[in-house]
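K.L.:
Below are the structure tokens for one structure; questions will follow.
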Amino acid sequence: MSVYKESFFRIFRSATGEPLRRFFENRHGRISAEMALERSGAEVIDRLLALALIEYDRDSGVYRLDDRVERFFDEMLGAVEAPHADWLFTLIDELKRQIEGYYKVEDTHKSGEFLRRICRLLGSCHSRMQRHLEDVKSAVDYDYRAGSDYEVKLVKLQWHLDRSRTYGQAIADLDHLLKNDGFFQFHQGIEVLSLRRRLLQCCGYVGDALVDIYQSIEEYLNRILKDHARVQKLIRLRGLIERHEHLTSTNIEEISREAEGPWFRGIQLRTLLAPAVVDAQPEVLERVLAKAGVIRPKERERKVEIEEPGSEALPPVIDWMELFEAFSRQSEDLFTFLGKASVEGRPLTDEERLDGYCAIISNEEWMTAHEAASYEMATEGEWEYAVILPRGERSE
Amino acid sequence: MNPEAPTIARRIFTRLCKGDNLLLSRNGPGDDADLFIRLEAEEEACRAYFEVLGFQLKKGDNYFHFAAEEEPQINVENKLERVIRLVKLLDFLSSRVDSFGEGQIFSASVLAGRCNGDPRAERFLEEAGKGNNYAERLEHLLQSLVRQGYLSEYDPSRKEYRVLSAMNYLFEFADRIAIASEEEASEE
């Protein structure tokens, strides 16, 4: 924690950071003018006073941090320790001694001095009571929230509870003294009356606040115990799940059967899409669901052009099983027909076209079927072929 | 019965019936906290109004949610799977975030640091989150919890998250699970 404090005070200039840290660490003690000057030097003290970071109490002759600055430091660093209430017990004892001294002396001058001391003590008590309460509050909150060790938390909160109770006892003593002591009942000095009234108000306020603090500590203690038990249970449950013993060793199946709420809700279509889109455009809905991860997206489909080409551009399709029928239907322009023919989705090569043509016309069936054909036949070596003239020439 | 529509009915319905976030937390981000206070003030009126429409307004420990009549339920096997996922998630967060619970603020960077070299945490992140490395998987998991309303982004620049009251909904399930040996010990 000290390292953390030191690093925090680096935000100030080196000359002022260190003295401020000392003032903060000794905020519950008494820093007299001599001590302050000896430790920090007059120049630094003057600068801190000018910047309103510290204040000087002329009556008691002590320096202390400005209240706002002290609160800021507390908030930034976290008050880690609920302060002891010893100072208040000591102050009450001192107050009693001064009151006793006031009654004992007969000299008016001396009794006036006692009275001034009593007023100074009451003033000091008033300013410190509020600060002490804030310290207790922040310490309780800090120790509840910080750290993960539940046992340490429990110990610290128990410790804060004890200290808060001691402080409450001291406040009750002060309240009793102010209400019942003869000095405060009979002394009618305006300053004493005013201080007594303010202190009694403050005692009432601090008493109420302490009750709240006791309750919050109790609540924190219960929560910590509950959280601690839950964490231990979760660790055990995880172990059972890993060993696949959760169904036999716990009531997890029963809990699952009865479970309801958002964590267990089935997939339900919740969409801002218009109902018309949901009902009439299933493909849009499907895309939305896929995008949301509700369904698995389909593989992107390739778009196929289905525009039909003109009848002239459409190549004839040859079924190899009915090869002869396919060709025999072509009584004219067989070679031209083969030029347009498509086999297995591709046009015939020149070689295939020629081979096919020759094979067809040398087929016996072809020959029989086309005995009366007007084709002029010719032979060349082993090859016999039909001589097909262009349409115009043939008709002539 | 013809209950008058409470003034916040529309906002409540929109908030609790759309998207992934179906829980309204007392310490929720944005308008949620305000809406929660208003719903708490008009709780009975809203409950009566939505009941007519077939929605039950359910209140837990600082959170609200709807339970619809005839709402689609998953089968017991899937429910069991989700309870197991819930236990693993709570165990992961409770063991690695200081004082993990409603209102707690934690840093994703610190959590990621604690997961480094922790085989249990790494195994959990492999199952629970998507990403190329453990930090990305953790980020994915936390963002998923933000979307479902169990966490809120407290300081995005520092990757800090706040635990919302809706987390109590998950804790309630964990609290209801009883371990046989513990029960026997408590009976003895």
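Going through the structure tokens in order, the chains are called A, B, and so on, while each chain numbers its residues from 1 and the ligands are numbered from 1 in the order shown.
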As number ranges by chain, please: the residues near Leu161 of chain A (cut-off 9 Å, only C-alpha atoms, same-chain neighbours under 6 positions excluded).
P.N.:
A: 140, 213-214, 217-218
K.L.:
Identify every residue of chain B that has at least one atom within 10 Å of any atom of chain A, counting only C-alpha atoms, and report the result as a VMD selection string.
P.N.:
chain B and resid 17 to 23 58 65 to 68 71 to 84 86 to 101 104 to 105 148 169 to 171 173 to 183
K.L.:
With only C-alpha atoms as the counted atoms, please give the residues lying no more than 7 Å from segment 156-166 of chain B, apart from itself and same-chain residues fewer than 4 positions off, as a ChimeraX atom specification.
P.N.:
/B:23-28,62-63,101-109,149-152
K.L.:
Have a look at A:Leu121, A:Ala42, A:Leu178, A:Leu210 and name the one nearest to Arg163 of chain A; count only C-alpha atoms.
P.N.:
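So, comparing all the options, the nearest one is A:Leu210.
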K.L.:
Pick out the residues sitting within 10 Å of Ala172 of chain A, and hand them over as a ChimeraX atom specification; count only C-alpha atoms, and ignore anything fewer than 5 positions along from it in its own chain.
P.N.:
/A:166-167,177-178,203-204,206-207
K.L.:
Write out, as a PDB file, in the first residue's frame, the residues just selected, with N, CA and C atoms.
P.N.:
ATOM      1  N   THR A 166     -16.686   0.491  19.423  1.00  0.00           N
ATOM      2  CA  THR A 166     -15.918   1.266  20.408  1.00  0.00           C
ATOM      3  C   THR A 166     -16.177   2.755  20.201  1.00  0.00           C
ATOM      4  N   TYR A 167     -16.195   3.148  18.931  1.00  0.00           N
ATOM      5  CA  TYR A 167     -16.447   4.556  18.621  1.00  0.00           C
ATOM      6  C   TYR A 167     -17.859   4.939  19.072  1.00  0.00           C
ATOM      7  N   LEU A 177     -22.062  12.915  28.899  1.00  0.00           N
ATOM      8  CA  LEU A 177     -21.355  14.003  29.587  1.00  0.00           C
ATOM      9  C   LEU A 177     -22.013  15.351  29.279  1.00  0.00           C
ATOM     10  N   LEU A 178     -22.306  15.578  27.988  1.00  0.00           N
ATOM     11  CA  LEU A 178     -22.880  16.865  27.580  1.00  0.00           C
ATOM     12  C   LEU A 178     -24.292  17.060  28.143  1.00  0.00           C
ATOM     13  N   CYS A 203     -23.570  14.270  17.877  1.00  0.00           N
ATOM     14  CA  CYS A 203     -23.608  12.941  18.517  1.00  0.00           C
ATOM     15  C   CYS A 203     -24.813  12.150  18.004  1.00  0.00           C
ATOM     16  N   GLY A 204     -25.947  12.826  17.913  1.00  0.00           N
ATOM     17  CA  GLY A 204     -27.161  12.162  17.409  1.00  0.00           C
ATOM     18  C   GLY A 204     -26.970  11.685  15.984  1.00  0.00           C
ATOM     19  N   VAL A 206     -24.072  11.159  14.375  1.00  0.00           N
ATOM     20  CA  VAL A 206     -23.054  10.088  14.284  1.00  0.00           C
ATOM     21  C   VAL A 206     -23.625   8.771  14.801  1.00  0.00           C
ATOM     22  N   GLY A 207     -24.416   8.854  15.878  1.00  0.00           N
ATOM     23  CA  GLY A 207     -25.033   7.644  16.426  1.00  0.00           C
ATOM     24  C   GLY A 207     -25.901   6.953  15.383  1.00  0.00           C
TER      25      GLY A 207
END
K.L.:
DSSP on the backbone: what in segment 76-156 of chain A comes out alpha helix (DSSP H), as a PyMOL selection string?
P.N.:
chain A and resi 76-77+86-104+108-145+150-156
K.L.:
Give me, please, the distance in Å between atom CA of His160 of chain A and atom CA of Val211 of chain A, quoted to one decimal.
P.N.:
13.2 Å
K.L.:
What does the distance between atom CA of His132 of chain A and atom CA of Val62 of chain A come to in Å, to one decimal place?
P.N.:
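Interatomic distance, atom CA of His132 of chain A to atom CA of Val62 of chain A: 18.0 Å.
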K.L.:
Could you check which of A:Arg116, A:Ala290, A:Leu53, A:Ser138 is closest to Val69 of chain A, using only C-alpha atoms?
P.N.:
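Checking each candidate against Val69 of chain A, we get A:Leu53 as the closest.
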K.L.:
Can you tell me how far atom CA of Tyr142 of chain A sits from atom CA of Tyr205 of chain A, in Å to one decimal?
P.N.:
22.4 Å
K.L.:
With a distance cut-off of 9 Å and only C-alpha atoms, select the neighbouring residues of Gly61 of chain A, excluding the residue or stretch itself and same-chain residues fewer than 3 positions from it, and output the selection as a PyMOL selection string.
P.N.:
chain A and resi 31-33+56-58
